[in-house]
Every structure is written in C-alpha cells, then in structure tokens.
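Taking it in order: structure first as structure tokens, then the write-up.
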Amino acid sequence: MSGFQSNTSIKLLAEKLGLSKGTVSKALKDSHEISAATKAKVLAAAQELNYIPNHFASGLKSRKSRTVAVIVPEIVDSFFSLAIKGIEAVTQEKGYHINVYITNDLRSKEEDIIKVLSDGRVDGVLISVCREATDNCHLKKLADHGIPLVFFDRVADDIEAGKVVTDDFEGGYIAARHLAEQGCKKIYFLSISEGLSILRKRMDGFIRALHENNIEDPTKNVYQIPTDKTKSEEAIKILLSSPHHRPDGIVASVELLTIPIYNACKQQRIAIPDQLKVVCFSNLLYASILSPSLSTITQPAFEIGQQAARLICNSIERDTFIKNERIICPSKLDVRESTSTSVLSN
C-alpha cells in the first residue's frame, strides 16, 4: 500500500499491537520513555497501515525530517530572493532541504502556515514576519510543539528566539543624514506600515538625523504609503504636488516604493536629483542602471540568510532553543546619481 489513509488511527495501531494508545503515541514521537524494540514495532505497523506518509518514516527513525521551513512575506523583493539563496547555501551543505512559504504579507496566511508546520513536519522554522503582525501568539505555539524558531530581517521583538538583522536605526539615520548633507531641507520618510518593527527603527533613525540637522518636528515628515502599486503612486503624487510640503528629499523605507516614486516623478515632471533626491532601502540588482541610478541603503541579504540558516541548523542539531542570540549584519550606503548634487545636462 502507498499514500496516506486518514481513517487509520492511533486506536487501530494500539489494537493491532496490543498496546495502549498512550504507548503508541509516545512511540511515534520517539519518546525516551519507550523502548527501542517497541518503537520499531510501532513504526513498522504504522508504515504497514500508512498511518504516516512514507516520506516522514525515515524522519521518525532519526527524529529529524531534515527539512527547514522558510517563511517570507514575498519573493519579488530582491532582498528575500537573496536571503533565500544564502539560506539554501548553508542548509544544503549541512544536509537539509528547505520548503519556502509565502505569506503575501497577510497575517491570516502566516497563521495558517504556522498551524500546518506545528504538526512536526519540519525540524525548524526561519521567518520574516508579515507587516500585519499585531501579536505573535501563533508563533509562540511552535515552541509548544518543540520546533526551533529563528527570525531574520523582520522580527517579533516580544518572542525569545534567534534573530538575524541589520541595524535599521542606523540605516534610517545614515540615509537622512546623507540627504541633509546634499542640501535637502524638506526630507520625507515613506513607510508602508506603522506596526512593523524594522520600519519603526528606520523611522526613528531618520527622525534622529533630522533633529540633528535642526529640522523642526520631523515626525510630521513621516508619510504612510499603501502597498498597492496604483494607490502608492497616487499617494506619492499627492505628496509631490503639495505646494507647501513638497519634499526635496525622500527616504523610501522599502524596495517596492522605488518604481512608484520614479513613475510619480515622471508624471509630475519632477527631475531626480535636481528637484528631488531619493535614497531607498533596497537590494535591487538594477539600481545602478535606473535612470538616474538609485542611491540605496543596501542590506547584506545573502549573509543574513546564511547566518539565520547557521543558527537554525545549530539549534536543530544541538536540540536546543536559541533564546537571546542576536546577530547584526551591517548595511551600507551606496551613493549613486539619485542623490547627486551635480546639475543634469540638458
């Protein structure tokens, strides 16, 4: 027989073997309370009755599925694509394979994925949380099921776990300071979420830089942008058309705002960098070939993925939970034409 028969239960296994349901359940979980001989007998019967999918059987013998789940908001963003490559480079070397799950930045989908993974089909979980996150009780359930968890980039600050991040405060600070040094007086921070911790930290760094440059009440220079492409362009056009508040410098908090900013400027006939200078948190491979080329706060996405993978693999192999380890990978400012002070030729 092959496949999975849902009507087979622990009760049937127990009756077949003349064991209690509790003993069968513990044997399937590889409990230390059950002898090796009994575990082998239960596993053999489970496979015979297809109680467990065949591809889980070897995992039960070793207590490992050799699989790591990677949960990301999206993969269109080049940061996550590079981070996944970094994760895969390490997990392959250590004999694990990865399953990638995409939440589309939806809390409900993130909860559904965690619920599926909580049955023990993976050895560990790497996650970059969705921007809709308000509380994280669903993530805490992983620990209840004995599944190690490591965050990368977007983290849940209230959960004790391994975390691999960049210094987002420093990134926001450097971006805003750079624009001020280039002569900008009306610098705006464009965000897509008030709740996401990495964006709050980038905003806090931005505000600190503006305070140091004597810009009055910089909290008024934080502008929330929808993530929908059409709506985001419209929101940016409204900001750029404001007679009293039109920015001469923009810090875009996420990569997906790059094209809406460029499109809005083109439609409003605003020249970058002469009339507006732009810095974006981005790992865009084509940042250097945009017209004009884009100045970026560039995160070491591949390295972040590698570090996160090492943490989760170590946690799995040592059978321990990482609670307070935090690895910070520095970002850098790549200055290109979008913040140049030179006058464009006609």
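Residue numbering restarts at 1 in every chain; chains get A, B, ... in the order shown in the structure tokens, and ligands count up from 1 in that same order.
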| task | Pick out the residues sitting within 9 Å of A:Lys41, and hand them over as a ChimeraX atom specification; count only C-alpha atoms, and ignore anything fewer than 5 positions along from it in its own chain. | result | /A:17,36,46
| request: Please identify all polymer residues within 10 Å of A:Leu13, counting only C-alpha atoms, omitting same-chain residues fewer than 3 positions from it, and present them as a ChimeraX atom specification. | output: /A:8-10,16-21,24-25,42-43,45-46,49,51
Please produce a file of the residues just selected, as a short mmCIF file (atom, residue, chain, number, x, y, z; two decimals), in the first residue's frame, where the atoms kept are all heavy atoms.
```
data_model
loop_
_atom_site.label_atom_id
_atom_site.label_comp_id
_atom_site.auth_asym_id
_atom_site.auth_seq_id
_atom_site.Cartn_x
_atom_site.Cartn_y
_atom_site.Cartn_z
N THR A 8 -7.02 5.60 9.37
CA THR A 8 -6.19 4.83 10.28
C THR A 8 -5.87 5.70 11.48
O THR A 8 -5.49 6.84 11.33
CB THR A 8 -4.88 4.41 9.59
OG1 THR A 8 -5.20 3.69 8.41
CG2 THR A 8 -4.04 3.52 10.51
N SER A 9 -6.03 5.19 12.69
CA SER A 9 -5.84 5.99 13.88
C SER A 9 -4.90 5.31 14.85
O SER A 9 -4.54 4.13 14.71
CB SER A 9 -7.18 6.23 14.56
OG SER A 9 -7.69 4.99 15.05
N ILE A 10 -4.49 6.07 15.85
CA ILE A 10 -3.66 5.51 16.92
C ILE A 10 -4.40 4.36 17.60
O ILE A 10 -3.78 3.36 18.00
CB ILE A 10 -3.29 6.62 17.92
CG1 ILE A 10 -2.26 7.56 17.29
CG2 ILE A 10 -2.73 6.02 19.21
CD1 ILE A 10 -1.85 8.72 18.16
N LYS A 16 -4.05 -3.32 17.08
CA LYS A 16 -3.27 -4.28 16.28
C LYS A 16 -2.08 -4.83 17.07
O LYS A 16 -1.75 -6.03 16.99
CB LYS A 16 -2.79 -3.59 14.99
CG LYS A 16 -1.86 -4.46 14.12
CD LYS A 16 -1.45 -3.71 12.87
CE LYS A 16 -0.44 -4.52 12.06
NZ LYS A 16 -1.02 -5.76 11.50
N LEU A 17 -1.45 -3.95 17.87
CA LEU A 17 -0.22 -4.32 18.57
C LEU A 17 -0.44 -4.77 20.01
O LEU A 17 0.49 -5.24 20.66
CB LEU A 17 0.75 -3.13 18.56
CG LEU A 17 1.23 -2.68 17.18
CD1 LEU A 17 1.95 -1.35 17.27
CD2 LEU A 17 2.14 -3.73 16.57
N GLY A 18 -1.69 -4.59 20.49
CA GLY A 18 -1.96 -4.95 21.87
C GLY A 18 -1.29 -4.00 22.85
O GLY A 18 -0.89 -4.39 23.95
N LEU A 19 -1.18 -2.73 22.46
CA LEU A 19 -0.57 -1.71 23.31
C LEU A 19 -1.59 -0.64 23.64
O LEU A 19 -2.65 -0.53 23.00
CB LEU A 19 0.62 -1.07 22.58
CG LEU A 19 1.78 -2.00 22.20
CD1 LEU A 19 2.76 -1.24 21.30
CD2 LEU A 19 2.48 -2.53 23.45
N SER A 20 -1.30 0.18 24.63
CA SER A 20 -2.17 1.31 24.94
C SER A 20 -1.98 2.41 23.91
O SER A 20 -0.94 2.49 23.26
CB SER A 20 -1.87 1.85 26.33
OG SER A 20 -0.61 2.52 26.35
N LYS A 21 -3.00 3.26 23.78
CA LYS A 21 -2.90 4.38 22.84
C LYS A 21 -1.78 5.32 23.26
O LYS A 21 -1.07 5.89 22.40
CB LYS A 21 -4.23 5.13 22.77
CG LYS A 21 -5.33 4.36 22.06
CD LYS A 21 -6.56 5.22 21.82
CE LYS A 21 -7.27 5.55 23.13
NZ LYS A 21 -8.52 6.32 22.89
N VAL A 24 1.55 3.92 22.08
CA VAL A 24 1.71 4.09 20.63
C VAL A 24 2.04 5.54 20.29
O VAL A 24 2.93 5.83 19.49
CB VAL A 24 0.44 3.63 19.89
CG1 VAL A 24 0.50 4.02 18.41
CG2 VAL A 24 0.25 2.13 20.03
N SER A 25 1.31 6.46 20.93
CA SER A 25 1.54 7.88 20.67
C SER A 25 2.96 8.29 21.03
O SER A 25 3.65 8.98 20.26
CB SER A 25 0.54 8.72 21.46
OG SER A 25 0.78 10.10 21.27
N VAL A 42 6.08 -0.36 16.59
CA VAL A 42 5.04 0.62 16.30
C VAL A 42 5.28 1.27 14.94
O VAL A 42 4.36 1.44 14.13
CB VAL A 42 4.97 1.70 17.40
CG1 VAL A 42 4.05 2.85 16.98
CG2 VAL A 42 4.50 1.09 18.71
N LEU A 43 6.52 1.64 14.66
CA LEU A 43 6.84 2.27 13.38
C LEU A 43 6.55 1.33 12.22
O LEU A 43 5.99 1.75 11.19
CB LEU A 43 8.31 2.68 13.36
CG LEU A 43 8.80 3.40 12.10
CD1 LEU A 43 8.00 4.67 11.86
CD2 LEU A 43 10.28 3.71 12.19
N ALA A 45 4.35 -1.10 12.11
CA ALA A 45 2.89 -1.20 11.95
C ALA A 45 2.31 0.07 11.35
O ALA A 45 1.39 0.03 10.52
CB ALA A 45 2.24 -1.48 13.31
N ALA A 46 2.85 1.22 11.76
CA ALA A 46 2.38 2.50 11.21
C ALA A 46 2.63 2.58 9.72
O ALA A 46 1.77 3.01 8.94
CB ALA A 46 3.08 3.66 11.93
N LEU A 49 0.20 0.25 7.84
CA LEU A 49 -1.16 0.77 7.75
C LEU A 49 -1.21 2.16 7.14
O LEU A 49 -2.28 2.77 7.06
CB LEU A 49 -1.80 0.80 9.15
CG LEU A 49 -2.00 -0.56 9.81
CD1 LEU A 49 -2.53 -0.38 11.22
CD2 LEU A 49 -2.97 -1.42 9.00
N TYR A 51 -0.26 4.93 8.35
CA TYR A 51 -0.68 5.96 9.31
C TYR A 51 0.10 7.24 9.10
O TYR A 51 -0.39 8.33 9.31
CB TYR A 51 -0.48 5.45 10.74
CG TYR A 51 -0.82 6.48 11.78
CD1 TYR A 51 -2.14 6.89 11.97
CD2 TYR A 51 0.17 7.08 12.56
CE1 TYR A 51 -2.46 7.85 12.90
CE2 TYR A 51 -0.14 8.04 13.50
CZ TYR A 51 -1.46 8.42 13.67
OH TYR A 51 -1.78 9.38 14.60
#
```
Find the residues near A:Val254: any atom within 8 Å, counting only C-alpha atoms, skip ones fewer than 3 places away on the same chain, and give them as an mmCIF file with C-alpha atoms, in the first residue's frame.
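Written output follows (out_22.cif):
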```cif
data_model
loop_
_atom_site.group_PDB
_atom_site.id
_atom_site.type_symbol
_atom_site.label_atom_id
_atom_site.label_comp_id
_atom_site.auth_asym_id
_atom_site.auth_seq_id
_atom_site.Cartn_x
_atom_site.Cartn_y
_atom_site.Cartn_z
ATOM 1 C CA SER A 191 6.715 53.921 5.103
ATOM 2 C CA ILE A 192 4.283 51.085 4.377
ATOM 3 C CA LEU A 257 8.354 52.014 -3.348
ATOM 4 C CA THR A 258 11.170 52.581 -5.860
ATOM 5 C CA CYS A 280 15.842 53.686 -0.891
ATOM 6 C CA PHE A 281 16.338 50.652 1.325
ATOM 7 C CA SER A 282 16.916 48.208 -1.493
#
```
| note | For A:Glu110, the closest of A:His138, A:Lys85, A:Lys277, A:Arg326 counting only C-alpha atoms is A:His138
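Inside stretch 234-300 of chain A, the residues DSSP reads as strand (DSSP E) when given the backbone are A:Gly249, A:Ile250, A:Val251, A:Ala252, A:Lys277, A:Val278, A:Val279, A:Cys280, A:Phe281, A:Ser295, A:Thr296, A:Ile297, A:Thr298.
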| request: Could you pull out the residues in stretch 142-332 of chain A that DSSP calls alpha helix (DSSP H) from the backbone, as a ChimeraX atom specification? | output: /A:142-144,168-181,197-212,229-240,258-268,301-318
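Compared by their closest atoms to A:Lys185, and using only C-alpha atoms, the residues A:Gln224, A:Ser331, A:Thr166, A:Gln275 rank with A:Gln275 nearest.
Here the question is which of A:Gly172, A:Gly95, A:Pro148, A:Pro218 gets nearest to A:Lys332 using only C-alpha atoms, and that residue is A:Gly172.
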| said: Quick one: residues within 12 Å of A:Glu233, only C-alpha atoms, excluding same-chain residues fewer than 3 positions away - as a VMD selection string? | reply: chain A and resid 190 225 to 230 236 to 240 256 to 268
Would you export the selected residues with N, CA, C and O atoms as an mmCIF file, in the first residue's frame, please?
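To be explicit, this is the file written out as result03.cif:
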```cif
data_model
loop_
_atom_site.group_PDB
_atom_site.id
_atom_site.type_symbol
_atom_site.label_atom_id
_atom_site.label_comp_id
_atom_site.auth_asym_id
_atom_site.auth_seq_id
_atom_site.Cartn_x
_atom_site.Cartn_y
_atom_site.Cartn_z
ATOM 1 N N LEU A 190 9.100 57.680 3.697
ATOM 2 C CA LEU A 190 7.929 56.977 3.187
ATOM 3 C C LEU A 190 7.912 55.558 3.746
ATOM 4 O O LEU A 190 8.852 54.784 3.543
ATOM 5 N N ILE A 225 2.376 55.069 3.078
ATOM 6 C CA ILE A 225 2.066 54.788 1.678
ATOM 7 C C ILE A 225 1.414 53.403 1.575
ATOM 8 O O ILE A 225 1.908 52.435 2.163
ATOM 9 N N PRO A 226 0.326 53.268 0.812
ATOM 10 C CA PRO A 226 -0.251 51.931 0.594
ATOM 11 C C PRO A 226 0.707 51.054 -0.222
ATOM 12 O O PRO A 226 1.551 51.566 -0.962
ATOM 13 N N THR A 227 0.562 49.746 -0.082
ATOM 14 C CA THR A 227 1.449 48.838 -0.827
ATOM 15 C C THR A 227 0.944 48.539 -2.231
ATOM 16 O O THR A 227 1.722 48.109 -3.082
ATOM 17 N N ASP A 228 -0.328 48.741 -2.489
ATOM 18 C CA ASP A 228 -0.852 48.557 -3.840
ATOM 19 C C ASP A 228 -0.158 49.534 -4.793
ATOM 20 O O ASP A 228 -0.042 50.740 -4.494
ATOM 21 N N LYS A 229 0.324 49.026 -5.937
ATOM 22 C CA LYS A 229 1.137 49.837 -6.842
ATOM 23 C C LYS A 229 0.417 51.103 -7.299
ATOM 24 O O LYS A 229 0.972 52.208 -7.251
ATOM 25 N N THR A 230 -0.828 50.983 -7.738
ATOM 26 C CA THR A 230 -1.573 52.147 -8.228
ATOM 27 C C THR A 230 -1.817 53.150 -7.105
ATOM 28 O O THR A 230 -1.607 54.360 -7.272
ATOM 29 N N ILE A 236 2.001 59.124 -3.568
ATOM 30 C CA ILE A 236 3.262 59.841 -3.763
ATOM 31 C C ILE A 236 3.042 61.083 -4.624
ATOM 32 O O ILE A 236 3.617 62.148 -4.366
ATOM 33 N N LYS A 237 2.195 60.981 -5.641
ATOM 34 C CA LYS A 237 1.883 62.140 -6.491
ATOM 35 C C LYS A 237 1.234 63.256 -5.674
ATOM 36 O O LYS A 237 1.529 64.439 -5.868
ATOM 37 N N ILE A 238 0.358 62.866 -4.730
ATOM 38 C CA ILE A 238 -0.285 63.869 -3.867
ATOM 39 C C ILE A 238 0.766 64.591 -3.033
ATOM 40 O O ILE A 238 0.740 65.824 -2.895
ATOM 41 N N LEU A 239 1.708 63.828 -2.471
ATOM 42 C CA LEU A 239 2.772 64.448 -1.677
ATOM 43 C C LEU A 239 3.622 65.371 -2.537
ATOM 44 O O LEU A 239 3.950 66.494 -2.138
ATOM 45 N N LEU A 240 3.979 64.921 -3.738
ATOM 46 C CA LEU A 240 4.858 65.706 -4.601
ATOM 47 C C LEU A 240 4.175 66.957 -5.159
ATOM 48 O O LEU A 240 4.857 67.903 -5.569
ATOM 49 N N LEU A 256 9.874 48.174 -2.613
ATOM 50 C CA LEU A 256 8.711 48.210 -3.512
ATOM 51 C C LEU A 256 8.227 49.625 -3.805
ATOM 52 O O LEU A 256 7.397 49.832 -4.701
ATOM 53 N N LEU A 257 8.740 50.632 -3.080
ATOM 54 C CA LEU A 257 8.354 52.014 -3.348
ATOM 55 C C LEU A 257 9.206 52.661 -4.440
ATOM 56 O O LEU A 257 8.893 53.760 -4.904
ATOM 57 N N THR A 258 10.250 51.995 -4.881
ATOM 58 C CA THR A 258 11.170 52.581 -5.860
ATOM 59 C C THR A 258 10.477 52.965 -7.161
ATOM 60 O O THR A 258 10.533 54.128 -7.602
ATOM 61 N N ILE A 259 9.835 52.002 -7.783
ATOM 62 C CA ILE A 259 9.193 52.271 -9.083
ATOM 63 C C ILE A 259 8.048 53.272 -8.955
ATOM 64 O O ILE A 259 7.943 54.192 -9.792
ATOM 65 N N PRO A 260 7.171 53.172 -7.926
ATOM 66 C CA PRO A 260 6.147 54.205 -7.767
ATOM 67 C C PRO A 260 6.719 55.614 -7.628
ATOM 68 O O PRO A 260 6.149 56.567 -8.163
ATOM 69 N N ILE A 261 7.850 55.756 -6.924
ATOM 70 C CA ILE A 261 8.474 57.077 -6.793
ATOM 71 C C ILE A 261 8.950 57.584 -8.147
ATOM 72 O O ILE A 261 8.676 58.726 -8.537
ATOM 73 N N TYR A 262 9.645 56.753 -8.886
ATOM 74 C CA TYR A 262 10.161 57.151 -10.208
ATOM 75 C C TYR A 262 9.005 57.461 -11.166
ATOM 76 O O TYR A 262 9.061 58.440 -11.926
ATOM 77 N N ASN A 263 7.954 56.632 -11.130
ATOM 78 C CA ASN A 263 6.810 56.877 -12.018
ATOM 79 C C ASN A 263 6.100 58.175 -11.652
ATOM 80 O O ASN A 263 5.720 58.957 -12.536
ATOM 81 N N ALA A 264 5.914 58.405 -10.351
ATOM 82 C CA ALA A 264 5.232 59.625 -9.906
ATOM 83 C C ALA A 264 6.033 60.861 -10.298
ATOM 84 O O ALA A 264 5.459 61.868 -10.747
ATOM 85 N N CYS A 265 7.340 60.800 -10.164
ATOM 86 C CA CYS A 265 8.187 61.931 -10.557
ATOM 87 C C CYS A 265 8.098 62.193 -12.066
ATOM 88 O O CYS A 265 8.033 63.344 -12.504
ATOM 89 N N LYS A 266 8.080 61.108 -12.831
ATOM 90 C CA LYS A 266 7.978 61.261 -14.281
ATOM 91 C C LYS A 266 6.656 61.916 -14.667
ATOM 92 O O LYS A 266 6.621 62.829 -15.502
ATOM 93 N N GLN A 267 5.572 61.472 -14.026
ATOM 94 C CA GLN A 267 4.252 62.028 -14.341
ATOM 95 C C GLN A 267 4.119 63.473 -13.884
ATOM 96 O O GLN A 267 3.428 64.276 -14.527
ATOM 97 N N GLN A 268 4.785 63.834 -12.773
ATOM 98 C CA GLN A 268 4.716 65.196 -12.244
ATOM 99 C C GLN A 268 5.823 66.086 -12.829
ATOM 100 O O GLN A 268 5.916 67.258 -12.478
#
```
| request: Pick out the residues sitting within 8 Å of A:Leu276, and hand them over as a ChimeraX atom specification; count only C-alpha atoms, and ignore anything fewer than 5 positions along from it in its own chain. | output: /A:247-250,270-271
| message | Applying 12 Å and only C-alpha atoms, which residues near A:Cys137 remain after dropping the ones on its own chain fewer than 6 positions away? List them as a ChimeraX atom specification. | response | /A:107,110-111,114-115,143-144,156,158-159
The selected residues should be written to file as an mmCIF file, in the first residue's frame (atoms: C-alpha atoms).
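Writing the result to result_0.cif gives the following:
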```cif
data_model
loop_
_atom_site.group_PDB
_atom_site.id
_atom_site.type_symbol
_atom_site.label_atom_id
_atom_site.label_comp_id
_atom_site.auth_asym_id
_atom_site.auth_seq_id
_atom_site.Cartn_x
_atom_site.Cartn_y
_atom_site.Cartn_z
ATOM 1 C CA ARG A 107 -1.391 37.723 8.992
ATOM 2 C CA GLU A 110 1.063 33.391 8.210
ATOM 3 C CA GLU A 111 -1.139 31.836 10.915
ATOM 4 C CA ILE A 114 2.367 28.050 11.223
ATOM 5 C CA LYS A 115 -0.603 25.842 12.028
ATOM 6 C CA ALA A 143 7.877 26.289 20.933
ATOM 7 C CA ASP A 144 4.956 24.380 22.452
ATOM 8 C CA ALA A 156 8.981 39.774 16.561
ATOM 9 C CA ASP A 158 8.394 40.059 22.070
ATOM 10 C CA ILE A 159 9.497 36.472 21.315
#
```
Report as a tab-separated table the residues of stretch 161-188 of chain A within 8 Å of stretch 299-317 of chain A, each with its shortest atom pair and distance in Å (one decimal), using only C-alpha atoms, ordered by chain and increasing residue number.
```
residue	atom	partner	partner_atom	distance
A:Gly162	CA	A:Leu311	CA	7.0
A:Lys163	CA	A:Ala308	CA	7.3
A:Val164	CA	A:Ala308	CA	5.9
A:Val165	CA	A:Ile304	CA	6.9
A:Thr166	CA	A:Gln299	CA	7.0
```
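We find atom CA of A:Thr320 and atom CA of A:Leu149 to be spaced 10.5 Å apart.
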| Quick one, how far is atom CA of A:Asp112 from atom CA of A:Val90? | 26.9 Å
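Minimum distance to A:Val150 across A:Leu284, A:Val129, A:Ile272, A:Ala175 (counting only C-alpha atoms) occurs at A:Val129.
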